[in-house]
Structure formats: structure tokens, C-alpha cells
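my_file06.cif (mmCIF, C-alpha atoms) appears below.
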data_structure
loop_
_atom_site.label_atom_id
_atom_site.label_comp_id
_atom_site.auth_asym_id
_atom_site.auth_seq_id
_atom_site.Cartn_x
_atom_site.Cartn_y
_atom_site.Cartn_z
CA MET K 13 -83.29 -123.66 62.96
CA ALA K 14 -81.55 -120.61 61.48
CA VAL K 15 -80.12 -121.13 58.01
CA ASP K 16 -76.45 -120.18 57.71
CA LEU K 17 -75.76 -119.15 54.11
CA THR K 18 -72.21 -117.90 54.59
CA HIS K 19 -69.16 -119.53 53.04
CA ASP K 20 -66.11 -120.31 55.10
CA PRO K 21 -62.95 -118.37 54.12
CA ALA K 22 -61.32 -121.35 52.39
CA ALA K 23 -64.36 -121.93 50.14
CA ALA K 24 -64.66 -118.22 49.37
CA ASP K 25 -60.97 -118.08 48.43
CA LEU K 26 -61.32 -121.14 46.21
CA ALA K 27 -64.33 -119.55 44.52
CA ARG K 28 -62.28 -116.44 43.76
CA ARG K 29 -59.44 -118.49 42.32
CA THR K 30 -61.92 -120.54 40.30
CA ALA K 31 -63.39 -117.34 38.85
CA ASP K 32 -59.90 -116.24 37.80
CA PHE K 33 -59.16 -119.63 36.24
CA VAL K 34 -62.42 -119.65 34.30
CA ARG K 35 -61.80 -116.21 32.83
CA GLU K 36 -58.15 -116.86 32.01
CA VAL K 37 -58.34 -120.49 30.79
CA ALA K 38 -61.85 -121.92 30.41
CA ILE K 39 -63.52 -119.06 28.52
CA PRO K 40 -60.76 -118.76 25.88
CA ALA K 41 -61.00 -122.54 25.34
CA GLU K 42 -64.78 -122.31 25.20
CA GLU K 43 -64.61 -119.61 22.54
CA GLN K 44 -62.07 -121.62 20.56
CA HIS K 45 -64.19 -124.79 20.63
CA ARG K 46 -67.60 -123.07 20.46
CA GLY K 47 -68.56 -124.39 23.88
CA VAL K 48 -68.13 -128.09 23.08
CA ALA K 49 -65.00 -130.11 24.00
CA ARG K 50 -64.94 -133.10 21.67
CA THR K 51 -61.50 -134.64 22.21
CA GLU K 52 -59.48 -136.07 25.06
CA ASN K 53 -56.69 -133.64 24.29
CA VAL K 54 -59.00 -130.73 25.13
CA ARG K 55 -60.31 -132.38 28.31
CA ILE K 56 -56.88 -133.42 29.55
CA GLY K 57 -55.39 -130.03 28.77
CA LEU K 58 -58.10 -128.18 30.67
CA GLN K 59 -57.83 -130.49 33.65
CA ARG K 60 -54.07 -130.20 33.74
CA ALA K 61 -54.43 -126.42 33.83
CA ALA K 62 -56.98 -126.69 36.67
CA LYS K 63 -54.59 -128.87 38.64
CA ASP K 64 -51.81 -126.35 38.11
CA ALA K 65 -54.13 -123.59 39.34
CA GLY K 66 -55.06 -125.60 42.46
CA VAL K 67 -58.79 -125.68 41.70
CA PHE K 68 -59.19 -129.28 40.51
CA ALA K 69 -61.77 -131.71 42.01
CA PRO K 70 -62.61 -129.49 45.01
CA HIS K 71 -65.60 -131.62 46.07
CA VAL K 72 -63.89 -134.91 46.95
CA GLY K 73 -62.02 -135.56 50.18
CA ALA K 74 -58.35 -134.81 50.64
CA GLU K 75 -57.50 -138.54 50.49
CA PHE K 76 -58.79 -138.51 46.90
CA GLY K 77 -56.96 -135.34 45.91
CA GLY K 78 -59.68 -132.80 46.62
CA GLN K 79 -60.59 -130.25 49.27
CA GLY K 80 -63.70 -131.86 50.75
CA LEU K 81 -66.07 -128.94 50.23
CA ASP K 82 -69.46 -129.21 51.86
CA MET K 83 -72.52 -128.42 49.77
CA ARG K 84 -72.51 -124.71 50.63
CA GLY K 85 -68.86 -124.48 49.65
CA ARG K 86 -69.62 -126.28 46.42
CA ALA K 87 -72.37 -123.76 45.67
CA ALA K 88 -69.87 -120.91 45.53
CA VAL K 89 -67.19 -122.78 43.60
CA PHE K 90 -69.47 -124.62 41.17
CA GLU K 91 -71.27 -121.41 40.24
CA GLU K 92 -67.97 -119.81 39.33
CA ALA K 93 -66.96 -122.89 37.35
CA GLY K 94 -70.29 -122.87 35.51
CA TYR K 95 -69.65 -119.33 34.26
CA SER K 96 -68.13 -121.15 31.27
CA LEU K 97 -69.52 -124.27 29.60
CA LEU K 98 -66.05 -125.81 29.90
CA GLY K 99 -65.39 -124.77 33.49
CA PRO K 100 -67.01 -127.81 35.14
CA LEU K 101 -65.18 -130.20 32.81
CA ALA K 102 -61.89 -128.49 33.62
CA LEU K 103 -62.45 -128.79 37.39
CA ASN K 104 -63.71 -132.41 37.04
CA ILE K 105 -67.05 -131.41 38.55
CA ALA K 106 -69.20 -131.99 35.47
CA ALA K 107 -72.10 -134.43 35.31
CA PRO K 108 -72.20 -137.38 35.60
CA ASP K 109 -68.73 -137.79 37.10
CA GLU K 110 -69.28 -135.34 39.94
CA GLY K 111 -72.41 -137.13 41.16
CA ASN K 112 -70.76 -140.53 40.77
CA MET K 113 -67.77 -139.40 42.84
CA HIS K 114 -70.11 -138.16 45.56
CA MET K 115 -71.91 -141.51 45.68
CA LEU K 116 -68.76 -143.64 45.52
CA GLU K 117 -67.21 -141.67 48.34
CA ALA K 118 -70.33 -142.23 50.44
CA ILE K 119 -71.11 -145.93 49.86
CA ALA K 120 -68.31 -147.76 48.00
CA THR K 121 -66.06 -150.28 49.76
CA ALA K 122 -62.40 -149.47 50.31
CA GLU K 123 -61.46 -151.70 47.39
CA GLN K 124 -64.04 -150.07 45.12
CA LYS K 125 -62.77 -146.62 46.07
CA ASP K 126 -59.22 -147.61 45.15
CA ARG K 127 -60.28 -149.14 41.86
CA TYR K 128 -62.90 -146.62 40.72
CA LEU K 129 -63.00 -143.44 42.79
CA LEU K 130 -59.28 -142.66 42.90
CA PRO K 131 -58.77 -142.64 39.11
CA LEU K 132 -62.10 -140.90 38.58
CA ALA K 133 -61.25 -138.12 41.02
CA ALA K 134 -57.83 -137.73 39.37
CA GLY K 135 -59.39 -137.37 35.93
CA ASP K 136 -57.61 -140.48 34.68
CA VAL K 137 -60.96 -142.04 33.71
CA ARG K 138 -64.55 -140.91 33.24
CA SER K 139 -67.78 -142.66 34.22
CA CYS K 140 -71.48 -142.85 33.48
CA PHE K 141 -74.65 -143.64 35.41
CA ALA K 142 -76.80 -146.17 33.52
CA MET K 143 -80.30 -145.72 34.90
CA THR K 144 -82.63 -144.35 32.21
CA GLU K 145 -84.33 -146.74 29.80
CA PRO K 146 -86.48 -146.35 26.69
CA ALA K 147 -90.23 -146.41 27.34
CA PRO K 148 -91.83 -148.21 29.05
CA GLY K 149 -88.73 -148.52 31.22
CA ALA K 150 -87.28 -146.28 33.92
CA GLY K 151 -87.28 -142.54 33.31
CA SER K 152 -89.12 -139.98 35.41
CA ASP K 153 -90.49 -143.01 37.28
CA PRO K 154 -87.44 -145.06 38.38
CA SER K 155 -89.68 -147.87 39.65
CA ALA K 156 -90.44 -148.76 36.00
CA LEU K 157 -86.92 -150.27 35.85
CA THR K 158 -86.83 -153.25 33.48
CA THR K 159 -83.11 -154.10 33.24
CA ARG K 160 -82.54 -157.38 35.10
CA ALA K 161 -79.62 -158.83 36.99
CA GLN K 162 -79.72 -162.53 37.86
CA ARG K 163 -77.36 -164.51 40.04
CA VAL K 164 -74.90 -166.76 38.22
CA ALA K 165 -71.88 -168.68 39.46
CA GLY K 166 -69.54 -166.19 41.10
CA GLY K 167 -71.57 -163.11 40.33
CA TRP K 168 -74.42 -161.60 38.32
CA ARG K 169 -75.62 -161.46 34.71
CA ILE K 170 -77.13 -158.14 33.58
CA ASP K 171 -79.50 -157.88 30.62
CA GLY K 172 -81.27 -154.72 29.59
CA HIS K 173 -81.58 -151.67 27.39
CA LYS K 174 -80.47 -148.20 28.51
CA TRP K 175 -80.57 -144.87 26.78
CA PHE K 176 -79.67 -141.21 27.41
CA ILE K 177 -76.64 -142.38 29.37
CA THR K 178 -74.57 -139.21 29.57
CA GLY K 179 -70.82 -139.55 29.12
CA ALA K 180 -70.94 -143.25 28.23
CA ASP K 181 -68.74 -142.94 25.14
CA GLY K 182 -65.18 -143.27 26.42
CA ALA K 183 -66.15 -143.85 30.05
CA GLY K 184 -63.93 -146.22 32.00
CA PHE K 185 -66.88 -147.75 33.83
CA ALA K 186 -70.63 -147.52 34.28
CA ILE K 187 -72.75 -147.63 37.40
CA CYS K 188 -75.67 -149.70 36.16
CA MET K 189 -79.01 -149.89 37.94
CA ALA K 190 -80.68 -153.27 37.44
CA ARG K 191 -83.65 -155.02 38.99
CA THR K 192 -82.64 -157.94 41.21
CA SER K 193 -86.12 -158.65 42.57
CA GLY K 194 -89.71 -157.61 42.03
CA GLU K 195 -91.41 -156.38 38.89
CA PRO K 196 -91.46 -153.08 37.01
CA GLY K 197 -93.64 -150.63 38.90
CA GLU K 198 -92.61 -151.92 42.33
CA GLN K 199 -90.70 -149.52 44.54
CA GLY K 200 -87.84 -151.78 45.67
CA GLY K 201 -85.67 -154.49 44.22
CA ALA K 202 -82.96 -152.52 42.40
CA THR K 203 -79.22 -152.95 42.76
CA MET K 204 -76.28 -150.88 41.51
CA PHE K 205 -73.43 -152.62 39.70
CA LEU K 206 -69.99 -151.34 38.70
CA VAL K 207 -69.39 -152.45 35.12
CA ASP K 208 -65.99 -151.96 33.47
CA ALA K 209 -66.04 -150.51 29.97
CA ASP K 210 -64.21 -153.51 28.50
CA ASN K 211 -66.94 -155.91 29.61
CA PRO K 212 -68.07 -157.57 26.36
CA GLY K 213 -71.66 -157.63 27.62
CA MET K 214 -71.99 -153.82 27.60
CA LYS K 215 -72.08 -152.22 24.17
CA ILE K 216 -72.76 -148.76 22.77
CA VAL K 217 -75.66 -148.81 20.30
CA ARG K 218 -75.52 -145.17 19.16
CA HIS K 219 -75.12 -141.54 20.09
CA ILE K 220 -78.50 -139.87 20.50
CA GLU K 221 -78.75 -136.56 18.64
CA THR K 222 -79.81 -133.92 21.16
CA LEU K 223 -80.37 -130.19 21.48
CA ASP K 224 -77.43 -129.90 23.87
CA GLU K 225 -73.87 -130.95 23.06
CA SER K 226 -71.60 -129.70 25.84
CA LEU K 227 -71.82 -132.66 28.23
CA TYR K 228 -68.66 -134.61 27.46
CA GLY K 229 -69.11 -138.10 26.02
CA GLY K 230 -72.59 -137.38 24.68
CA HIS K 231 -75.91 -139.02 25.45
CA VAL K 232 -75.66 -142.68 24.51
CA GLU K 233 -77.87 -145.73 24.02
CA LEU K 234 -76.44 -148.88 25.65
CA ARG K 235 -77.23 -152.58 25.56
CA PHE K 236 -76.44 -154.99 28.37
CA ALA K 237 -76.59 -158.55 27.04
CA ASN K 238 -75.15 -161.46 29.02
CA CYS K 239 -73.07 -158.88 30.89
CA VAL K 240 -71.45 -160.89 33.68
CA VAL K 241 -69.92 -159.11 36.67
CA PRO K 242 -68.47 -160.54 39.90
CA ASP K 243 -70.05 -160.24 43.32
CA GLU K 244 -67.63 -157.46 44.24
CA ALA K 245 -69.17 -155.33 41.46
CA VAL K 246 -72.24 -154.74 43.64
CA LEU K 247 -72.22 -151.11 44.84
CA GLY K 248 -73.85 -150.96 48.26
CA GLU K 249 -76.29 -153.74 49.11
CA VAL K 250 -78.41 -155.97 46.89
CA ASP K 251 -81.98 -154.71 46.41
CA GLN K 252 -81.13 -151.34 47.96
CA GLY K 253 -80.25 -149.47 44.76
CA PHE K 254 -83.18 -147.03 44.88
CA ARG K 255 -82.30 -146.09 48.45
CA TYR K 256 -78.65 -145.55 47.55
CA ALA K 257 -79.65 -143.50 44.52
CA GLN K 258 -81.02 -140.89 46.91
CA VAL K 259 -77.44 -140.35 48.14
CA ARG K 260 -76.64 -139.15 44.65
CA LEU K 261 -79.92 -137.66 43.51
CA GLY K 262 -80.51 -134.68 45.80
CA PRO K 263 -76.94 -133.38 45.74
CA ALA K 264 -76.61 -133.99 41.97
CA ARG K 265 -79.78 -132.03 41.25
CA THR K 266 -78.46 -129.19 43.35
CA THR K 267 -74.98 -129.13 41.81
CA HIS K 268 -76.60 -129.01 38.36
CA CYS K 269 -78.38 -125.86 39.54
CA MET K 270 -75.11 -124.36 40.74
CA ARG K 271 -73.34 -124.89 37.43
CA TRP K 272 -76.20 -123.57 35.29
CA LEU K 273 -76.59 -120.56 37.57
CA GLY K 274 -73.03 -119.61 36.68
CA LEU K 275 -73.93 -119.73 33.00
CA ALA K 276 -77.03 -117.59 33.63
CA ARG K 277 -74.77 -114.98 35.26
CA ARG K 278 -72.53 -115.10 32.20
CA ALA K 279 -75.48 -114.52 29.88
CA GLN K 280 -76.62 -111.59 32.01
CA ASP K 281 -73.15 -110.06 31.96
CA ILE K 282 -73.05 -110.32 28.15
CA ALA K 283 -76.48 -108.68 27.87
CA VAL K 284 -75.67 -105.88 30.32
CA ALA K 285 -72.45 -105.06 28.47
CA ARG K 286 -74.41 -104.91 25.22
CA ALA K 287 -77.15 -102.76 26.76
CA ALA K 288 -74.55 -100.34 28.14
CA GLU K 289 -72.76 -99.95 24.79
CA ARG K 290 -75.41 -100.20 22.08
CA ARG K 291 -77.04 -96.92 21.05
CA LEU K 292 -80.34 -96.60 19.19
CA PHE K 293 -83.33 -94.26 19.14
CA GLY K 294 -81.05 -91.53 20.47
CA SER K 295 -80.03 -93.29 23.71
CA ARG K 296 -78.33 -96.34 25.13
CA LEU K 297 -80.22 -99.61 24.84
CA GLY K 298 -79.97 -99.92 28.61
CA ASP K 299 -81.85 -96.64 29.08
CA LEU K 300 -85.00 -98.10 27.53
CA GLY K 301 -87.58 -99.21 30.06
CA MET K 302 -88.37 -102.60 28.54
CA VAL K 303 -84.68 -103.52 28.47
CA GLN K 304 -84.29 -102.37 32.06
CA GLN K 305 -87.18 -104.63 33.03
CA MET K 306 -85.47 -107.65 31.44
CA ILE K 307 -82.20 -106.83 33.19
CA ALA K 308 -84.00 -106.45 36.52
CA ASP K 309 -85.96 -109.68 36.04
CA ASN K 310 -82.69 -111.48 35.30
CA GLU K 311 -81.19 -110.20 38.54
CA ILE K 312 -84.27 -111.31 40.46
CA ASP K 313 -84.16 -114.81 38.94
CA ILE K 314 -80.43 -115.16 39.60
CA SER K 315 -80.71 -114.02 43.22
CA ALA K 316 -83.78 -116.17 43.93
CA ALA K 317 -82.14 -119.22 42.37
CA ARG K 318 -79.01 -118.74 44.46
CA GLY K 319 -81.08 -118.47 47.64
CA LEU K 320 -82.98 -121.68 46.91
CA ILE K 321 -79.74 -123.49 46.12
CA LEU K 322 -78.21 -122.40 49.42
CA GLN K 323 -81.34 -123.41 51.33
CA ALA K 324 -81.10 -126.92 49.83
CA CYS K 325 -77.35 -127.05 50.49
CA PHE K 326 -77.85 -126.08 54.13
CA GLU K 327 -80.32 -128.92 54.63
CA LEU K 328 -78.06 -131.43 52.87
CA ASP K 329 -75.10 -130.32 55.00
CA GLN K 330 -77.25 -130.90 58.08
CA GLY K 331 -77.74 -134.53 56.99
CA ARG K 332 -81.41 -134.04 56.15
CA SER K 333 -83.01 -135.64 53.09
CA ALA K 334 -83.78 -132.18 51.62
CA ALA K 335 -86.15 -133.83 49.15
CA GLN K 336 -88.54 -130.88 49.15
CA SER K 337 -85.92 -128.16 49.02
CA THR K 338 -83.91 -129.85 46.27
CA SER K 339 -87.06 -130.37 44.17
CA ILE K 340 -88.04 -126.72 44.65
CA ALA K 341 -84.53 -125.51 43.80
CA LYS K 342 -84.27 -127.75 40.74
CA THR K 343 -87.65 -126.75 39.34
CA PHE K 344 -87.16 -123.04 39.89
CA CYS K 345 -83.54 -122.95 38.72
CA ALA K 346 -84.17 -124.94 35.55
CA GLU K 347 -86.86 -122.47 34.51
CA ALA K 348 -85.14 -119.34 35.83
CA VAL K 349 -81.88 -120.11 34.02
CA TRP K 350 -83.80 -120.55 30.78
CA ARG K 351 -85.56 -117.20 31.34
CA VAL K 352 -82.29 -115.41 32.03
CA VAL K 353 -80.53 -116.77 28.94
CA ASP K 354 -83.59 -116.16 26.76
CA ARG K 355 -83.95 -112.54 27.93
CA SER K 356 -80.23 -111.98 27.50
CA LEU K 357 -80.40 -113.19 23.92
CA GLN K 358 -83.40 -110.91 23.31
CA ILE K 359 -81.51 -107.90 24.64
CA CYS K 360 -78.65 -108.64 22.26
CA GLY K 361 -81.01 -108.87 19.28
CA SER K 362 -79.52 -110.15 16.05
CA LEU K 363 -76.10 -110.40 17.71
CA GLY K 364 -77.60 -112.81 20.24
CA VAL K 365 -79.03 -114.99 17.50
CA SER K 366 -75.75 -115.00 15.58
CA GLY K 367 -72.79 -117.26 16.13
CA ASP K 368 -70.58 -114.27 16.95
CA ILE K 369 -71.37 -114.75 20.63
CA LEU K 370 -72.37 -117.96 22.41
CA LEU K 371 -75.82 -117.05 23.73
CA GLY K 372 -77.47 -119.31 21.16
CA ARG K 373 -75.30 -122.20 22.35
CA PHE K 374 -76.16 -121.35 25.97
CA LEU K 375 -79.87 -121.44 25.15
CA ARG K 376 -79.60 -124.88 23.58
CA GLU K 377 -77.60 -126.19 26.51
CA VAL K 378 -79.89 -125.00 29.31
CA ARG K 379 -83.25 -125.96 27.75
CA PRO K 380 -82.95 -129.73 28.46
CA PHE K 381 -82.33 -129.04 32.17
CA ARG K 382 -86.10 -128.67 32.54
CA ILE K 383 -86.23 -132.41 31.69
CA TYR K 384 -82.94 -133.81 33.03
CA ASP K 385 -82.90 -134.87 36.69
CA GLY K 386 -86.68 -135.05 36.64
CA PRO K 387 -88.93 -132.83 34.52
CA SER K 388 -90.51 -129.80 36.15
CA GLU K 389 -93.92 -131.48 36.05
CA THR K 390 -92.70 -134.49 38.04
CA HIS K 391 -91.07 -132.26 40.64
CA ARG K 392 -94.22 -130.13 40.99
CA TRP K 393 -96.27 -133.30 41.50
CA ALA K 394 -93.85 -134.46 44.22
CA ILE K 395 -93.75 -131.02 45.87
CA ALA K 396 -97.54 -130.85 46.02
CA ARG K 397 -97.81 -134.42 47.38
CA ARG K 398 -95.45 -133.57 50.24
CA VAL K 399 -97.42 -130.42 51.08
CA LEU K 400 -100.72 -132.30 51.10
CA ARG K 401 -99.23 -135.13 53.17
CA ARG K 402 -97.92 -132.63 55.70
CA HIS K 403 -101.36 -131.01 55.92
CA THR K 404 -103.07 -134.38 56.43
CA GLU K 405 -100.61 -135.40 59.15
CA THR K 406 -101.01 -132.05 60.95
CA ALA K 407 -104.79 -132.21 60.78
CA ALA K 408 -104.78 -135.72 62.26
CA ARG K 409 -102.93 -134.68 65.42
#
What would you get if you wrote out this structure as C-alpha cells?
Amino acid sequence: MAVDLTHDPAAADLARRTADFVREVAIPAEEQHRGVARTENVRIGLQRAAKDAGVFAPHVGAEFGGQGLDMRGRAAVFEEAGYSLLGPLALNIAAPDEGNMHMLEAIATAEQKDRYLLPLAAGDVRSCFAMTEPAPGAGSDPSALTTRAQRVAGGWRIDGHKWFITGADGAGFAICMARTSGEPGEQGGATMFLVDADNPGMKIVRHIETLDESLYGGHVELRFANCVVPDEAVLGEVDQGFRYAQVRLGPARTTHCMRWLGLARRAQDIAVARAAERRLFGSRLGDLGMVQQMIADNEIDISAARGLILQACFELDQGRSAAQSTSIAKTFCAEAVWRVVDRSLQICGSLGVSGDILLGRFLREVRPFRIYDGPSETHRWAIARRVLRRHTETAAR
């Protein structure tokens, strides 16, 4: 099947308008706040400006206030939004909310969509996805899930320990993954629950200090203790949580790549401008061969990353699982974005290391992406397994 990588005119136009918005609104705010929005006033102000510009929440359906972009359309728009650290927050397409909206739109009941998706898509509330646990619990291996949910009168009681829950501080609700059958290490038996923030059984333990700081609401440690939720809090079907997580996982990995690719482009643009202006050793910095190699390698990484993203998006838009293509895109993009930002900082020399430009902040923000959404090593293991399985199945025919 031929892969169509073109964007329809509406998505291309929205990408252009998003680029304008980011340069006129998001980047000045990013420079003012050093790349980190820490208050609701900043978030609300940016999102109000995005609504006024007609670029807000482009990924959700029209009935939820968006434009219903497919994955290829998102690739163009999300990359432009990611050109600034605050662009995704402004458009309401930042993690984890963007992935949660995608999943709620796909599997929530009508009542759950009214209660959770509508305000989330409007930016009236934020959310978090409570999956990861301290060792030996769920992390790169979700089947290690230890948080339990047991049936009680009229609902479920959740007990467990979560950590690295992005955006949990100030979120209006959590989507909590808990084991409803089986034992840690078994592949099935998980269920997703919608837990309101005012539930007394869900408490913030602490903010985890991390290398990155730009994801709004921080990375938080949570405790679920005698956290009782009603039956209607079940998202999807009981014991099918791991299967439903795949609805979120592939697209969310890919949209992460889109956003970080935009930031890699920004870093390259900063470095190229510096190389074109800075003079030393009797010539422009950009006339030196080693600098030209770094600029060229950046362009290669950016173009290759974009191609892999679009390949994964095409498969997702076709309704395929895209497990292999999303793993390949995520692994390559996470490492390529790091290389681009690192080279760009090197080209800028002492200026790049300084706080006068934001390349140092960019470097800190993109480094954890090689761990988030599955570390590169886990993805390589999965990629190789699929290749070997395909070989074995072909040889057996």
C-alpha cells in the first residue's frame, strides 16, 4: 500500500496559523518565563490567546470544540506548536492531557465524555494518567502492575502507590490503572478508573525533582488508600485496561515525537542564525567544515524523524496497530532530537551554555524523552522481537 504523506489543505492552513501564533504569543511567553509555566494565570492566558487565534484543541472532534485532525494532520500542527516549549500547553495538546483526550474520545461512555472530556478539551480542567509505580511495580513492564482495585458495595476500592504521574498537581481527575484480577507479571487483569481529584483516597505525596520542568503540573508521587469509586468510574471494561491502553499508547508516543521535533527545529534555527552571524578565524562560523557537518547532520536527523513520524501516522490513520512503526519512530526521534539540540548548543559555544538563550533548557527537557513512553532499550527489544517473530512465521510457511 502506498503511503500518503501529504496534508489536506485545512491541516496545512492550521499549521501555518499555529506557526504564526507560536512566534507571536508562545515564544515571547516562553522567554519571559524561561520555558516553564508555573501558574494557572500563565496557562489560562496562553489558552485564551490560542482560542482567540482559532488554533486551540485541534485534535478533538468538533462536538468537543476541536477540528478532528487525523494523525497526519496532527503531525503538521503539533510540530509547529512544539517549536516553543509553551506552544503545546497553549493549544491544549500537551502531555498527558492530549493522550487522555484521545483515549476518552475513543472509549468513554457518553456520560463520561460529558463529565470529563468536555471540560478537559475546553481547558477548564487538567488530567493525569496514573500508571507508573515505584519498583518493583509497573514501569517499562506494565504487567508488573501492583495497584489493586477490589469490588465493594456500589463500586471499587483502589489501593496502591504511583509515582512519576505527570501533571497530577492541580489535575481535576486521574485515570488510574489498577489490577482487578491476576498477579503482578501476568499480562491481563488491569482496569482503568476515573478518579476525581477531591476523592479523599487519592493524595499527593510529593513532587519528584527531575531534570525537566516544562511539563505542567510536574511529576508527582501519589498514594491511593481506601480510594472508593462508583461502578460508573470504570473506563472501558473491567480487566481490559492493558488493551485499552494501546488506544492511547501508540498515538501518544507519536505525538510526543511531533512536539519534540518542533523544538529540535527551533534549536537548529538558533544555531544556524548564530553560525551565519558569528565571525572567528577570519570567516563566518558557518563557513567552517566541522560546523557545516553539524548543521547538515541536524537537517538529516530532522528530516528522517519527520518521515518516521508520518509513516507511523499513516498506519494509525489506516486503523492499524502501528506498534512497530511507533516504536521505531519513538526510539529514533528521542535520540535524534537530543542530537540536534546537543549539536546546536555546541555550535553556539559559550552562548549556548549560558542562560542568555534557552538551548540549555531545551537540552534538559528533551533528555528524559529517551526514557518516557518506554526507554530506547525496551523499544529496541520489542522491535527486534517483532522482526524475529516475522522471520519465524515466514520460514514456517
What's around Gly184 of chain K at 12 Å? Count all atoms listed in the file, leave out sequence neighbours fewer than 3 positions away in its own chain, and write the answer as a ChimeraX atom specification. /K:109,127-129,131-132,135-141,179-181,187,206-211,214,229
Please dump the current selection as a tab-separated table (two decimals), keeping the file's coordinate frame; keep C-alpha atoms.
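The resulting file, out18.tsv, is reproduced below:
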chain	number	residue	atom	x	y	z
K	109	ASP	CA	-68.73	-137.79	37.10
K	127	ARG	CA	-60.28	-149.14	41.86
K	128	TYR	CA	-62.90	-146.62	40.72
K	129	LEU	CA	-63.00	-143.44	42.79
K	131	PRO	CA	-58.77	-142.64	39.11
K	132	LEU	CA	-62.10	-140.90	38.58
K	135	GLY	CA	-59.39	-137.37	35.93
K	136	ASP	CA	-57.61	-140.48	34.68
K	137	VAL	CA	-60.96	-142.04	33.71
K	138	ARG	CA	-64.55	-140.91	33.24
K	139	SER	CA	-67.78	-142.66	34.22
K	140	CYS	CA	-71.48	-142.85	33.48
K	141	PHE	CA	-74.65	-143.64	35.41
K	179	GLY	CA	-70.82	-139.55	29.12
K	180	ALA	CA	-70.94	-143.25	28.23
K	181	ASP	CA	-68.74	-142.94	25.14
K	187	ILE	CA	-72.75	-147.63	37.40
K	206	LEU	CA	-69.99	-151.34	38.70
K	207	VAL	CA	-69.39	-152.45	35.12
K	208	ASP	CA	-65.99	-151.96	33.47
K	209	ALA	CA	-66.04	-150.51	29.97
K	210	ASP	CA	-64.21	-153.51	28.50
K	211	ASN	CA	-66.94	-155.91	29.61
K	214	MET	CA	-71.99	-153.82	27.60
K	229	GLY	CA	-69.11	-138.10	26.02
Could you pull the residues within 10 Å of segment 41-58 of chain K, counting all atoms listed in the file, minus those fewer than 6 positions along the same chain, as a PyMOL selection string? chain K and resi 34-35+64+68+96-104+135-136+182+224-230+367-370+373-374+377
Could you state the separation of atom CA of Gln59 of chain K and atom CA of Ala134 of chain K in Å, given to one decimal place?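 Interatomic distance here is 9.2 Å.
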Counting all atoms listed in the file, which residue out of K:Ala142, K:His173, K:Ala190, K:Ile340 sits closest to Val217 of chain K?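 Using all atoms listed in the file, Val217 of chain K sits closest to K:His173.
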Residue contacts of segment 335-338 of chain K (8 Å, only C-alpha atoms) excluding same-chain residues fewer than 4 positions away, as an mmCIF file with C-alpha atoms, in the coordinates of the input:
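Result written to selection-v2.cif:
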data_model
loop_
_atom_site.group_PDB
_atom_site.id
_atom_site.type_symbol
_atom_site.label_atom_id
_atom_site.label_comp_id
_atom_site.auth_asym_id
_atom_site.auth_seq_id
_atom_site.Cartn_x
_atom_site.Cartn_y
_atom_site.Cartn_z
ATOM 1 C CA GLY K 262 -80.510 -134.680 45.800
ATOM 2 C CA PRO K 263 -76.940 -133.380 45.740
ATOM 3 C CA ARG K 265 -79.780 -132.030 41.250
ATOM 4 C CA THR K 266 -78.460 -129.190 43.350
ATOM 5 C CA LEU K 320 -82.980 -121.680 46.910
ATOM 6 C CA ILE K 321 -79.740 -123.490 46.120
ATOM 7 C CA GLN K 323 -81.340 -123.410 51.330
ATOM 8 C CA ALA K 324 -81.100 -126.920 49.830
ATOM 9 C CA GLU K 327 -80.320 -128.920 54.630
ATOM 10 C CA LYS K 342 -84.270 -127.750 40.740
ATOM 11 C CA ILE K 395 -93.750 -131.020 45.870
ATOM 12 C CA ARG K 398 -95.450 -133.570 50.240
#
Can you spell out as a count of residues only the set of residues that the PyMOL selection byres ((chain K and resi 111) around 8) selects in the structure I just provided? 12
Expand the PyMOL selection byres ((chain K and resi 351-357) around 9) into the individual residues it matches in the shown file, reporting them as an mmCIF file with C-alpha atoms, keeping the file's coordinate frame.
data_model
loop_
_atom_site.group_PDB
_atom_site.id
_atom_site.type_symbol
_atom_site.label_atom_id
_atom_site.label_comp_id
_atom_site.auth_asym_id
_atom_site.auth_seq_id
_atom_site.Cartn_x
_atom_site.Cartn_y
_atom_site.Cartn_z
ATOM 1 C CA LEU K 275 -73.930 -119.730 33.000
ATOM 2 C CA ALA K 276 -77.030 -117.590 33.630
ATOM 3 C CA ARG K 277 -74.770 -114.980 35.260
ATOM 4 C CA ARG K 278 -72.530 -115.100 32.200
ATOM 5 C CA ALA K 279 -75.480 -114.520 29.880
ATOM 6 C CA GLN K 280 -76.620 -111.590 32.010
ATOM 7 C CA ASP K 281 -73.150 -110.060 31.960
ATOM 8 C CA ILE K 282 -73.050 -110.320 28.150
ATOM 9 C CA ALA K 283 -76.480 -108.680 27.870
ATOM 10 C CA VAL K 284 -75.670 -105.880 30.320
ATOM 11 C CA MET K 306 -85.470 -107.650 31.440
ATOM 12 C CA ILE K 307 -82.200 -106.830 33.190
ATOM 13 C CA ASP K 309 -85.960 -109.680 36.040
ATOM 14 C CA ASN K 310 -82.690 -111.480 35.300
ATOM 15 C CA GLU K 311 -81.190 -110.200 38.540
ATOM 16 C CA ASP K 313 -84.160 -114.810 38.940
ATOM 17 C CA ILE K 314 -80.430 -115.160 39.600
ATOM 18 C CA ALA K 346 -84.170 -124.940 35.550
ATOM 19 C CA GLU K 347 -86.860 -122.470 34.510
ATOM 20 C CA ALA K 348 -85.140 -119.340 35.830
ATOM 21 C CA VAL K 349 -81.880 -120.110 34.020
ATOM 22 C CA TRP K 350 -83.800 -120.550 30.780
ATOM 23 C CA GLN K 358 -83.400 -110.910 23.310
ATOM 24 C CA ILE K 359 -81.510 -107.900 24.640
ATOM 25 C CA CYS K 360 -78.650 -108.640 22.260
ATOM 26 C CA GLY K 361 -81.010 -108.870 19.280
ATOM 27 C CA SER K 362 -79.520 -110.150 16.050
ATOM 28 C CA LEU K 363 -76.100 -110.400 17.710
ATOM 29 C CA GLY K 364 -77.600 -112.810 20.240
ATOM 30 C CA VAL K 365 -79.030 -114.990 17.500
ATOM 31 C CA LEU K 371 -75.820 -117.050 23.730
ATOM 32 C CA GLY K 372 -77.470 -119.310 21.160
ATOM 33 C CA PHE K 374 -76.160 -121.350 25.970
ATOM 34 C CA LEU K 375 -79.870 -121.440 25.150
ATOM 35 C CA VAL K 378 -79.890 -125.000 29.310
#
On this structure, the PyMOL selection byres ((chain K and resi 27) around 8) would catch which residues? List them as a PyMOL selection string, sorted by chain and number. chain K and resi 23-26+28-31+88-90+92
Which residues of segment 71-153 of chain K sit at most 12 Å from segment 197-201 of chain K, using all atoms listed in the file? Give each one's shortest atom pair and distance in Å (one decimal place), in chain and ascending residue order, as a tab-separated table.
residue	atom	partner	partner_atom	distance
K:Pro148	CA	K:Gly197	CA	10.3
K:Gly149	CA	K:Gly197	CA	9.4
K:Ala150	CA	K:Gly197	CA	9.2
K:Gly151	CA	K:Gly197	CA	11.7
K:Asp153	CA	K:Gly197	CA	8.4
Separation of atom CA of Val240 of chain K and atom CA of Arg169 of chain K, in Å?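 Computing the Euclidean distance for atom CA of Val240 of chain K and atom CA of Arg169 of chain K yields 4.3 Å.
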